[in-house]
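As provided, protein-v3.pdb (PDB, C-alpha atoms and all ligand atoms) reads as follows.
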ATOM      1  CA  MET A  12     104.499 167.951 132.491
ATOM      2  CA  SER A  13     107.340 165.473 132.187
ATOM      3  CA  GLN A  14     106.601 162.188 130.483
ATOM      4  CA  PRO A  15     106.789 159.095 132.649
ATOM      5  CA  THR A  16     109.465 156.735 131.418
ATOM      6  CA  SER A  17     108.337 153.879 133.584
ATOM      7  CA  LEU A  18     104.962 153.153 135.090
ATOM      8  CA  PRO A  19     104.020 153.868 138.693
ATOM      9  CA  VAL A  20     104.190 150.817 140.967
ATOM     10  CA  ILE A  21     101.236 150.224 143.305
ATOM     11  CA  ASP A  22     101.484 147.796 146.215
ATOM     12  CA  LEU A  23      98.051 146.306 146.899
ATOM     13  CA  SER A  24      99.170 144.890 150.255
ATOM     14  CA  ALA A  25      99.823 148.411 151.578
ATOM     15  CA  PRO A  26      98.064 150.727 149.159
ATOM     16  CA  ASP A  27      99.122 154.357 149.073
ATOM     17  CA  ARG A  28      95.863 155.950 148.012
ATOM     18  CA  ASP A  29      97.452 159.223 146.887
ATOM     19  CA  ALA A  30      99.838 157.328 144.625
ATOM     20  CA  LEU A  31      96.990 155.223 143.280
ATOM     21  CA  HIS A  32      94.890 158.326 142.645
ATOM     22  CA  ARG A  33      97.750 159.979 140.728
ATOM     23  CA  ALA A  34      98.588 156.835 138.763
ATOM     24  CA  ALA A  35      94.967 156.424 137.696
ATOM     25  CA  ARG A  36      94.345 160.083 136.920
ATOM     26  CA  ASP A  37      97.669 161.047 135.276
ATOM     27  CA  VAL A  38      98.794 157.838 133.560
ATOM     28  CA  GLY A  39      95.915 155.346 133.502
ATOM     29  CA  PHE A  40      98.432 152.508 133.639
ATOM     30  CA  PHE A  41     100.449 151.085 136.507
ATOM     31  CA  GLN A  42     102.290 148.005 137.732
ATOM     32  CA  LEU A  43     100.538 146.119 140.519
ATOM     33  CA  VAL A  44     102.578 144.258 143.149
ATOM     34  CA  GLY A  45     101.578 142.884 146.564
ATOM     35  CA  HIS A  46      98.538 141.244 144.934
ATOM     36  CA  GLY A  47      99.060 137.806 146.504
ATOM     37  CA  VAL A  48      99.159 135.807 143.262
ATOM     38  CA  THR A  49     102.288 133.682 143.485
ATOM     39  CA  ALA A  50     105.034 133.313 140.886
ATOM     40  CA  ALA A  51     104.098 129.627 140.673
ATOM     41  CA  GLU A  52     100.495 130.487 139.795
ATOM     42  CA  GLN A  53     101.657 132.993 137.204
ATOM     43  CA  SER A  54     104.070 130.613 135.538
ATOM     44  CA  ARG A  55     101.465 127.842 135.517
ATOM     45  CA  LEU A  56      99.075 130.070 133.588
ATOM     46  CA  LEU A  57     101.709 131.160 131.078
ATOM     47  CA  SER A  58     103.078 127.658 130.592
ATOM     48  CA  THR A  59      99.567 126.288 130.014
ATOM     49  CA  ALA A  60      99.050 129.036 127.433
ATOM     50  CA  ARG A  61     102.322 128.033 125.727
ATOM     51  CA  ASP A  62     101.186 124.411 125.698
ATOM     52  CA  PHE A  63      97.982 125.466 124.002
ATOM     53  CA  PHE A  64      99.771 127.364 121.227
ATOM     54  CA  ALA A  65     102.263 124.526 120.818
ATOM     55  CA  MET A  66      99.456 122.101 119.907
ATOM     56  CA  PRO A  67      99.124 121.170 116.228
ATOM     57  CA  GLU A  68      97.228 123.809 114.276
ATOM     58  CA  ALA A  69      94.371 121.363 113.597
ATOM     59  CA  ASP A  70      93.789 120.991 117.359
ATOM     60  CA  ARG A  71      93.670 124.764 117.776
ATOM     61  CA  LEU A  72      91.379 125.207 114.782
ATOM     62  CA  ALA A  73      89.012 122.633 116.280
ATOM     63  CA  LEU A  74      88.168 125.488 118.679
ATOM     64  CA  ASP A  75      87.834 128.100 115.919
ATOM     65  CA  ASN A  76      85.696 131.004 117.131
ATOM     66  CA  LEU A  77      83.937 130.844 113.780
ATOM     67  CA  ASN A  78      82.141 127.812 115.313
ATOM     68  CA  SER A  79      80.733 129.952 118.105
ATOM     69  CA  PRO A  80      77.945 132.534 117.819
ATOM     70  CA  HIS A  81      79.151 133.561 121.311
ATOM     71  CA  PHE A  82      82.590 134.730 120.091
ATOM     72  CA  ARG A  83      84.380 132.044 122.139
ATOM     73  CA  GLY A  84      87.399 130.104 121.119
ATOM     74  CA  TYR A  85      90.456 130.395 118.959
ATOM     75  CA  THR A  86      91.217 133.210 116.542
ATOM     76  CA  ARG A  87      93.880 132.351 113.998
ATOM     77  CA  ILE A  88      96.590 134.854 113.120
ATOM     78  CA  GLY A  89      95.324 137.719 110.982
ATOM     79  CA  ASN A  90      91.587 137.140 111.663
ATOM     80  CA  GLU A  91      91.312 139.842 114.309
ATOM     81  CA  HIS A  92      91.157 143.528 113.421
ATOM     82  CA  THR A  93      91.834 146.736 115.315
ATOM     83  CA  GLN A  94      91.169 150.116 113.696
ATOM     84  CA  GLY A  95      90.216 148.211 110.569
ATOM     85  CA  ARG A  96      93.720 146.715 110.256
ATOM     86  CA  ARG A  97      94.762 143.137 110.760
ATOM     87  CA  ASP A  98      96.429 142.216 114.071
ATOM     88  CA  TRP A  99      99.317 139.801 114.002
ATOM     89  CA  ARG A 100      98.577 137.468 116.910
ATOM     90  CA  ASP A 101      96.568 134.360 117.636
ATOM     91  CA  GLN A 102      94.481 133.966 120.746
ATOM     92  CA  LEU A 103      92.006 131.960 122.778
ATOM     93  CA  ASP A 104      89.048 133.843 124.256
ATOM     94  CA  ILE A 105      87.605 132.416 127.474
ATOM     95  CA  SER A 106      84.766 133.748 129.609
ATOM     96  CA  ASN A 107      82.301 132.460 132.186
ATOM     97  CA  GLU A 108      81.209 128.914 131.408
ATOM     98  CA  LEU A 109      77.457 129.362 130.812
ATOM     99  CA  PRO A 110      74.799 127.654 128.690
ATOM    100  CA  ALA A 111      74.361 129.009 125.158
ATOM    101  CA  ARG A 112      72.067 131.989 125.185
ATOM    102  CA  VAL A 113      70.042 133.108 122.195
ATOM    103  CA  PRO A 114      68.502 136.527 122.821
ATOM    104  CA  ALA A 115      64.719 136.547 122.446
ATOM    105  CA  PRO A 116      63.161 139.072 120.065
ATOM    106  CA  GLY A 117      63.355 142.474 121.713
ATOM    107  CA  GLU A 118      66.211 141.493 124.022
ATOM    108  CA  PRO A 119      69.533 143.263 123.531
ATOM    109  CA  PRO A 120      71.808 141.311 121.169
ATOM    110  CA  TYR A 121      74.697 141.481 123.625
ATOM    111  CA  TRP A 122      73.215 138.392 125.294
ATOM    112  CA  TRP A 123      74.812 136.454 122.424
ATOM    113  CA  LEU A 124      78.051 136.940 124.361
ATOM    114  CA  GLU A 125      76.870 134.434 126.984
ATOM    115  CA  GLY A 126      77.582 130.834 126.148
ATOM    116  CA  PRO A 127      79.968 127.933 126.606
ATOM    117  CA  ASN A 128      83.706 128.053 126.027
ATOM    118  CA  GLN A 129      85.516 125.771 123.610
ATOM    119  CA  TRP A 130      88.140 123.611 125.339
ATOM    120  CA  PRO A 131      90.902 121.476 123.805
ATOM    121  CA  THR A 132      90.473 117.744 124.448
ATOM    122  CA  ALA A 133      94.227 117.230 124.161
ATOM    123  CA  LEU A 134      94.965 119.736 126.957
ATOM    124  CA  PRO A 135      92.329 119.103 129.638
ATOM    125  CA  GLU A 136      94.139 121.142 132.316
ATOM    126  CA  LEU A 137      93.581 124.344 130.335
ATOM    127  CA  ARG A 138      89.989 124.480 131.516
ATOM    128  CA  GLU A 139      90.802 124.181 135.200
ATOM    129  CA  VAL A 140      93.794 126.522 135.066
ATOM    130  CA  SER A 141      91.877 129.219 133.161
ATOM    131  CA  LEU A 142      88.693 129.111 135.222
ATOM    132  CA  GLU A 143      90.729 129.156 138.429
ATOM    133  CA  TRP A 144      92.756 132.103 137.144
ATOM    134  CA  MET A 145      89.627 134.105 136.355
ATOM    135  CA  GLY A 146      88.290 133.479 139.862
ATOM    136  CA  ARG A 147      91.616 134.400 141.448
ATOM    137  CA  LEU A 148      92.056 137.595 139.456
ATOM    138  CA  SER A 149      88.447 138.670 140.010
ATOM    139  CA  THR A 150      89.189 138.723 143.732
ATOM    140  CA  VAL A 151      92.329 140.808 143.202
ATOM    141  CA  ALA A 152      90.554 143.181 140.795
ATOM    142  CA  HIS A 153      87.623 143.563 143.184
ATOM    143  CA  ARG A 154      90.010 144.694 145.930
ATOM    144  CA  LEU A 155      91.817 146.993 143.556
ATOM    145  CA  LEU A 156      88.601 148.592 142.307
ATOM    146  CA  HIS A 157      87.551 149.239 145.914
ATOM    147  CA  GLU A 158      90.915 150.888 146.639
ATOM    148  CA  LEU A 159      90.704 152.964 143.496
ATOM    149  CA  LEU A 160      87.160 154.210 144.151
ATOM    150  CA  ALA A 161      88.170 155.089 147.703
ATOM    151  CA  ALA A 162      91.356 156.767 146.405
ATOM    152  CA  VAL A 163      89.326 159.223 144.321
ATOM    153  CA  GLY A 164      87.025 159.843 147.293
ATOM    154  CA  GLY A 165      84.015 157.760 146.268
ATOM    155  CA  PRO A 166      82.142 154.941 148.047
ATOM    156  CA  GLU A 167      84.316 151.877 147.535
ATOM    157  CA  ASP A 168      81.410 149.460 147.106
ATOM    158  CA  PHE A 169      79.494 151.682 144.682
ATOM    159  CA  TYR A 170      79.674 149.202 141.790
ATOM    160  CA  ASP A 171      79.391 145.929 143.743
ATOM    161  CA  ALA A 172      75.803 145.393 142.569
ATOM    162  CA  ALA A 173      76.964 145.697 138.942
ATOM    163  CA  PHE A 174      79.077 142.565 139.488
ATOM    164  CA  SER A 175      76.382 140.418 141.132
ATOM    165  CA  GLY A 176      74.931 137.451 139.253
ATOM    166  CA  HIS A 177      77.161 136.632 136.273
ATOM    167  CA  PRO A 178      79.875 139.252 135.928
ATOM    168  CA  ARG A 179      81.463 139.127 132.505
ATOM    169  CA  ASN A 180      84.966 137.917 133.302
ATOM    170  CA  HIS A 181      87.143 137.543 130.242
ATOM    171  CA  LEU A 182      90.548 135.946 129.865
ATOM    172  CA  LYS A 183      92.483 136.084 126.632
ATOM    173  CA  LEU A 184      95.496 133.876 126.036
ATOM    174  CA  VAL A 185      97.636 135.499 123.383
ATOM    175  CA  ARG A 186     100.661 134.682 121.259
ATOM    176  CA  TYR A 187     102.460 137.259 119.134
ATOM    177  CA  PRO A 188     104.403 135.157 116.632
ATOM    178  CA  GLY A 189     107.019 137.715 115.651
ATOM    179  CA  ARG A 190     106.637 140.113 112.773
ATOM    180  CA  ALA A 191     104.193 139.691 109.872
ATOM    181  CA  PRO A 192     105.943 138.675 106.632
ATOM    182  CA  GLN A 193     104.883 141.947 104.952
ATOM    183  CA  GLY A 194     106.821 143.907 107.593
ATOM    184  CA  ASP A 195     103.787 145.383 109.331
ATOM    185  CA  ASP A 196     104.451 145.653 113.091
ATOM    186  CA  GLN A 197     100.849 145.762 114.407
ATOM    187  CA  GLY A 198     100.702 143.014 117.052
ATOM    188  CA  VAL A 199      97.462 144.571 118.225
ATOM    189  CA  GLY A 200      96.482 148.049 117.087
ATOM    190  CA  VAL A 201      95.775 151.081 119.261
ATOM    191  CA  HIS A 202      92.690 150.548 121.409
ATOM    192  CA  LYS A 203      91.092 151.012 124.821
ATOM    193  CA  ASP A 204      89.705 148.152 126.892
ATOM    194  CA  TYR A 205      85.931 148.079 127.408
ATOM    195  CA  GLY A 206      85.357 147.284 131.082
ATOM    196  CA  PHE A 207      86.604 148.567 134.446
ATOM    197  CA  LEU A 208      90.134 147.223 134.889
ATOM    198  CA  THR A 209      92.519 144.965 132.973
ATOM    199  CA  LEU A 210      95.146 142.886 134.807
ATOM    200  CA  LEU A 211      97.766 141.801 132.323
ATOM    201  CA  LEU A 212     100.375 139.081 132.738
ATOM    202  CA  THR A 213     103.116 138.922 130.120
ATOM    203  CA  ASP A 214     106.353 137.087 129.581
ATOM    204  CA  GLU A 215     109.607 139.064 129.488
ATOM    205  CA  VAL A 216     109.450 139.948 125.791
ATOM    206  CA  PRO A 217     108.667 143.656 125.327
ATOM    207  CA  GLY A 218     106.031 145.033 122.958
ATOM    208  CA  LEU A 219     103.277 146.710 124.989
ATOM    209  CA  GLN A 220     103.156 150.481 124.558
ATOM    210  CA  VAL A 221     100.986 153.070 126.299
ATOM    211  CA  GLU A 222      99.991 156.395 124.841
ATOM    212  CA  THR A 223     101.474 159.368 126.686
ATOM    213  CA  PRO A 224      99.003 161.617 128.544
ATOM    214  CA  ASP A 225      99.428 164.366 125.896
ATOM    215  CA  GLY A 226      98.474 161.878 123.168
ATOM    216  CA  GLN A 227     101.665 162.675 121.237
ATOM    217  CA  GLY A 228     103.476 159.360 121.447
ATOM    218  CA  PHE A 229     103.858 155.998 123.090
ATOM    219  CA  ILE A 230     106.088 154.672 125.852
ATOM    220  CA  ASP A 231     107.285 151.092 126.210
ATOM    221  CA  VAL A 232     106.001 149.199 129.219
ATOM    222  CA  PRO A 233     108.932 147.382 130.816
ATOM    223  CA  ASN A 234     108.394 143.910 132.221
ATOM    224  CA  LEU A 235     108.450 143.938 136.027
ATOM    225  CA  PRO A 236     108.671 140.282 137.075
ATOM    226  CA  GLY A 237     105.753 139.219 139.268
ATOM    227  CA  ALA A 238     103.738 142.386 138.668
ATOM    228  CA  PHE A 239     100.493 142.758 136.757
ATOM    229  CA  VAL A 240     100.248 145.649 134.347
ATOM    230  CA  VAL A 241      96.936 147.323 135.126
ATOM    231  CA  ASN A 242      95.048 149.661 132.878
ATOM    232  CA  LEU A 243      91.765 151.516 133.195
ATOM    233  CA  GLY A 244      88.978 150.580 130.846
ATOM    234  CA  GLU A 245      86.187 152.610 129.318
ATOM    235  CA  LEU A 246      83.689 151.975 132.134
ATOM    236  CA  LEU A 247      85.893 153.879 134.590
ATOM    237  CA  GLU A 248      85.875 156.778 132.158
ATOM    238  CA  VAL A 249      82.061 156.561 131.981
ATOM    239  CA  ALA A 250      81.774 156.131 135.770
ATOM    240  CA  THR A 251      83.833 159.250 136.489
ATOM    241  CA  ASN A 252      82.554 161.324 133.559
ATOM    242  CA  GLY A 253      86.080 161.478 132.155
ATOM    243  CA  TYR A 254      87.914 162.359 135.403
ATOM    244  CA  LEU A 255      89.699 159.043 134.850
ATOM    245  CA  LYS A 256      90.395 158.124 131.244
ATOM    246  CA  ALA A 257      90.673 154.773 129.535
ATOM    247  CA  THR A 258      94.179 154.758 128.108
ATOM    248  CA  ASN A 259      95.082 153.972 124.539
ATOM    249  CA  HIS A 260      97.599 151.175 124.166
ATOM    250  CA  ARG A 261      98.945 148.796 121.541
ATOM    251  CA  VAL A 262     101.411 145.957 121.075
ATOM    252  CA  VAL A 263     104.263 146.183 118.603
ATOM    253  CA  SER A 264     105.190 142.789 117.184
ATOM    254  CA  PRO A 265     108.404 141.318 118.531
ATOM    255  CA  PRO A 266     111.231 141.485 116.009
ATOM    256  CA  GLY A 267     111.935 138.657 113.586
ATOM    257  CA  SER A 268     110.379 135.374 114.614
ATOM    258  CA  ARG A 269     110.637 135.951 118.357
ATOM    259  CA  GLU A 270     107.404 135.036 120.123
ATOM    260  CA  ARG A 271     105.675 136.913 122.911
ATOM    261  CA  TYR A 272     102.984 135.467 125.200
ATOM    262  CA  SER A 273     100.503 137.438 127.244
ATOM    263  CA  ALA A 274      97.298 136.918 129.183
ATOM    264  CA  PRO A 275      95.064 139.938 129.773
ATOM    265  CA  PHE A 276      92.230 139.472 132.269
ATOM    266  CA  PHE A 277      89.351 141.898 131.832
ATOM    267  CA  TYR A 278      87.402 142.633 135.026
ATOM    268  CA  ASN A 279      83.926 143.413 133.855
ATOM    269  CA  PRO A 280      80.457 143.703 135.397
ATOM    270  CA  ARG A 281      77.277 141.931 134.309
ATOM    271  CA  LEU A 282      76.349 142.537 130.697
ATOM    272  CA  ASP A 283      73.142 144.379 131.616
ATOM    273  CA  ALA A 284      74.774 146.540 134.306
ATOM    274  CA  ARG A 285      74.206 150.270 133.755
ATOM    275  CA  ILE A 286      77.113 152.263 135.070
ATOM    276  CA  ALA A 287      75.726 155.107 137.164
ATOM    277  CA  PRO A 288      77.906 158.186 137.782
ATOM    278  CA  LEU A 289      80.215 157.770 140.776
ATOM    279  CA  PRO A 290      79.529 160.331 143.493
ATOM    280  CA  PHE A 291      83.000 161.726 144.312
ATOM    281  CA  PRO A 292      84.630 165.138 144.848
ATOM    282  CA  GLY A 293      86.395 165.161 141.445
ATOM    283  CA  ALA A 294      83.074 164.989 139.614
ATOM    284  CA  SER A 295      83.076 168.773 139.359
ATOM    285  CA  ASP A 296      86.558 168.762 137.694
ATOM    286  CA  ALA A 297      85.599 166.069 135.204
ATOM    287  CA  ASP A 298      85.623 167.161 131.594
ATOM    288  CA  GLY A 299      83.262 164.533 130.176
ATOM    289  CA  VAL A 300      83.914 161.267 128.386
ATOM    290  CA  THR A 301      85.933 161.196 125.172
ATOM    291  CA  GLN A 302      83.751 161.978 122.161
ATOM    292  CA  ASP A 303      84.857 159.781 119.285
ATOM    293  CA  PRO A 304      82.294 158.904 116.608
ATOM    294  CA  ASP A 305      84.340 155.775 115.805
ATOM    295  CA  ASN A 306      84.273 154.651 119.428
ATOM    296  CA  PRO A 307      81.136 155.628 121.341
ATOM    297  CA  LEU A 308      81.217 154.761 125.063
ATOM    298  CA  PHE A 309      78.125 152.957 126.333
ATOM    299  CA  ALA A 310      77.062 153.053 130.000
ATOM    300  CA  GLU A 311      75.172 149.758 129.618
ATOM    301  CA  PHE A 312      78.144 147.446 129.657
ATOM    302  CA  GLY A 313      76.827 144.795 127.250
ATOM    303  CA  TRP A 314      76.689 147.323 124.418
ATOM    304  CA  ASN A 315      80.210 148.492 125.107
ATOM    305  CA  GLU A 316      81.517 144.932 125.103
ATOM    306  CA  LEU A 317      79.559 143.913 121.997
ATOM    307  CA  LYS A 318      80.923 146.963 120.158
ATOM    308  CA  GLY A 319      84.425 145.619 120.715
ATOM    309  CA  TRP A 320      83.672 142.076 119.539
ATOM    310  CA  VAL A 321      81.857 143.224 116.427
ATOM    311  CA  ARG A 322      84.742 145.484 115.485
ATOM    312  CA  ALA A 323      87.467 142.923 116.157
ATOM    313  CA  HIS A 324      85.810 139.795 114.693
ATOM    314  CA  PRO A 325      84.086 140.734 111.423
ATOM    315  CA  THR A 326      84.227 137.136 110.153
ATOM    316  CA  VAL A 327      82.235 135.827 113.148
ATOM    317  CA  VAL A 328      79.702 138.629 112.630
ATOM    318  CA  ARG A 329      79.305 137.859 108.909
ATOM    319  CA  LYS A 330      78.784 134.188 109.632
ATOM    320  CA  HIS A 331      76.502 134.290 112.698
ATOM    321  CA  HIS A 332      75.124 137.810 113.068
ATOM    322  CA  PRO A 333      74.793 139.504 109.687
ATOM    323  CA  GLU A 334      71.851 141.587 110.979
ATOM    324  CA  LEU A 335      73.626 142.838 114.066
ATOM    325  CA  THR A 336      73.967 146.577 114.647
ATOM    326  CA  ILE A 337      75.250 148.436 117.675
ATOM    327  CA  ALA A 338      72.634 150.766 119.189
TER     328      ALA A 338
HETATM  329  O1  LIG B   1      99.303 141.560 124.974
HETATM  330  C1  LIG B   1      99.376 142.608 125.603
HETATM  331  O2  LIG B   1     100.394 142.954 126.207
HETATM  332  C2  LIG B   1      98.198 143.545 125.659
HETATM  333  C3  LIG B   1      96.992 143.022 124.929
HETATM  334  C4  LIG B   1      95.834 143.955 124.955
HETATM  335  O3  LIG B   1      95.959 145.136 125.156
HETATM  336  C5  LIG B   1      94.469 143.425 124.727
HETATM  337  O4  LIG B   1      94.337 142.262 124.299
HETATM  338  O5  LIG B   1      93.489 144.161 125.005
HETATM  339 FE    FE B   2      94.054 146.067 125.620
END

Mind turning the file's structure into structure tokens?
Amino acid sequence: MSQPTSLPVIDLSAPDRDALHRAARDVGFFQLVGHGVTAAEQSRLLSTARDFFAMPEADRLALDNLNSPHFRGYTRIGNEHTQGRRDWRDQLDISNELPARVPAPGEPPYWWLEGPNQWPTALPELREVSLEWMGRLSTVAHRLLHELLAAVGGPEDFYDAAFSGHPRNHLKLVRYPGRAPQGDDQGVGVHKDYGFLTLLLTDEVPGLQVETPDGQGFIDVPNLPGAFVVNLGELLEVATNGYLKATNHRVVSPPGSRERYSAPFFYNPRLDARIAPLPFPGASDADGVTQDPDNPLFAEFGWNELKGWVRAHPTVVRKHHPELTIA
């Protein structure tokens, strides 16, 4: 099979289901156009993110995620880890604005993930822009998930109930501040995303790389202005018993001191949603989910999400959840 050198482009305003099926099954990554989100909305989100990172460090550290047992807020450069190695980026993690939840004895610990966000007082518009963005992209992702389920021959509304109540939307505002002084180029290390679909907005600076289907190398994802880069998360792999795979990807730090900004939106169900197998014709061709002792895939979404946070934010875990283990 020849390696794709650019990603498939899917137009959500006139979806070609065969193309979507192939893009999801063969590549696991594609560019989404025709989604209805305007260039003005996109540049507002990115410019608000830039304003956040341009604030004095003390203002950013006032939102340190070490303050939050719910893993919300700001992670300074070098405090996040992927594959046990330090990532070279700083970021603000935002999710649904909910009251702090402390799981009762016997309740799954993933309920710690529910809680309030931390917002900067000096940049009040960040709250409105981010919450609006999550609502807007949920609508787009919902449509896309329906198209995708239909494209593989399943019932398009099969997972709607999993999103009722408080679906676990997650927006990350990210800055890659050039290369680490020690010469390491891990912006963010190789990983898969934990939910159904990720809709990623980036500036024009390259860096995102996707693993090739044969697992032998990585290809650069070019910036297509106006498009969202979409990738499949682990729940789609679980849902289809491995017919669709969550794709490994990483970000290579921009050279020198060049900065790169990005904003992945993770379209996720409720934390306690159990992902039942999708009834679809390809189920008989599916070869099972990836077996990796270092990365078990959980059908109950909260566990899958908590796995990711515990791995990426060991300092938060040491401070707030020293007893926490992943079932
Ligand atoms: O910044 C990017 O381009 C991708 C980031 C990413 O993959 C992630 O945060 O999960
Ligand atoms: Fe990712």

Between A:Gln42, A:Ser24, A:Thr86, A:Asn76, which is the closest to Leu235 in chain A once you count only C-alpha atoms?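 Nearest candidate to Leu235 in chain A out of A:Gln42, A:Ser24, A:Thr86, A:Asn76: A:Gln42.
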
Can you turn the PyMOL selection byres (((not hetatm)) within 10 of (chain B and resi 1)) into a concrete residue list for this file, as number ranges by chain? A: 100, 102, 104, 182-187, 198-205, 209-214, 216-221, 232, 240, 242, 244, 259-264, 271-277

Which of these residues is nearest to ligand FE 2 (chain B), using all atoms listed in the file: A:Leu77, A:Leu243, A:Ala30, A:Ile21?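 Comparing A:Leu77, A:Leu243, A:Ala30, A:Ile21 against ligand FE 2 (chain B), the winner is A:Leu243.
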
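One distance worth recording is that between CA of Asn107 in chain A and CA of Asn180 in chain A, which is 6.2 Å.
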
Residues matched by the PyMOL selection byres (((chain A and resi 49) around 12) and not hetatm) as a ChimeraX atom specification: /A:44-48,50-56,144,147-148,236-239

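For the choices A:Thr150, A:Thr258, A:Gln227, A:Thr251, the atom-to-atom distance to ligand FE 2 (chain B) is smallest for A:Thr258 when using all atoms listed in the file.
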
Using all atoms listed in the file, which of A:Ala111, A:Ala323, A:Pro67, A:Ala250 sits nearest ligand FE 2 (chain B)?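 Nearest to ligand FE 2 (chain B): A:Ala323.
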
How big is the axis-aligned box, and where does its centre sit, when it encloses all atoms of range 39-55 of chain A listed in the file and has 3 Å added on every side, reported in Å to one decimal as lines of an AutoDock Vina configuration file?
center_x = 100.5
center_y = 141.6
center_z = 140.0
size_x = 15.1
size_y = 33.5
size_z = 19.1

Here is a test: counting only C-alpha atoms and all ligand atoms, which residue of A:Gly267, A:Ala152, A:His181, A:Pro325 is nearest to ligand FE 2 (chain B)?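 Nearest candidate to ligand FE 2 (chain B) out of A:Gly267, A:Ala152, A:His181, A:Pro325: A:His181.
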
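Straight-line separation from CA of Leu282 in chain A to CA of Asp37 in chain A: 28.6 Å.
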
What does the distance between CA of Thr93 in chain A and CA of Gly206 in chain A come to in Å, to one decimal place?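 We find that CA of Thr93 in chain A and CA of Gly206 in chain A lie 17.1 Å from each other.
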
Using only C-alpha atoms, which of the listed residues (A:His177, A:Val38, A:Asp22, A:Thr336) sits closest to Gly226 in chain A? A:Val38
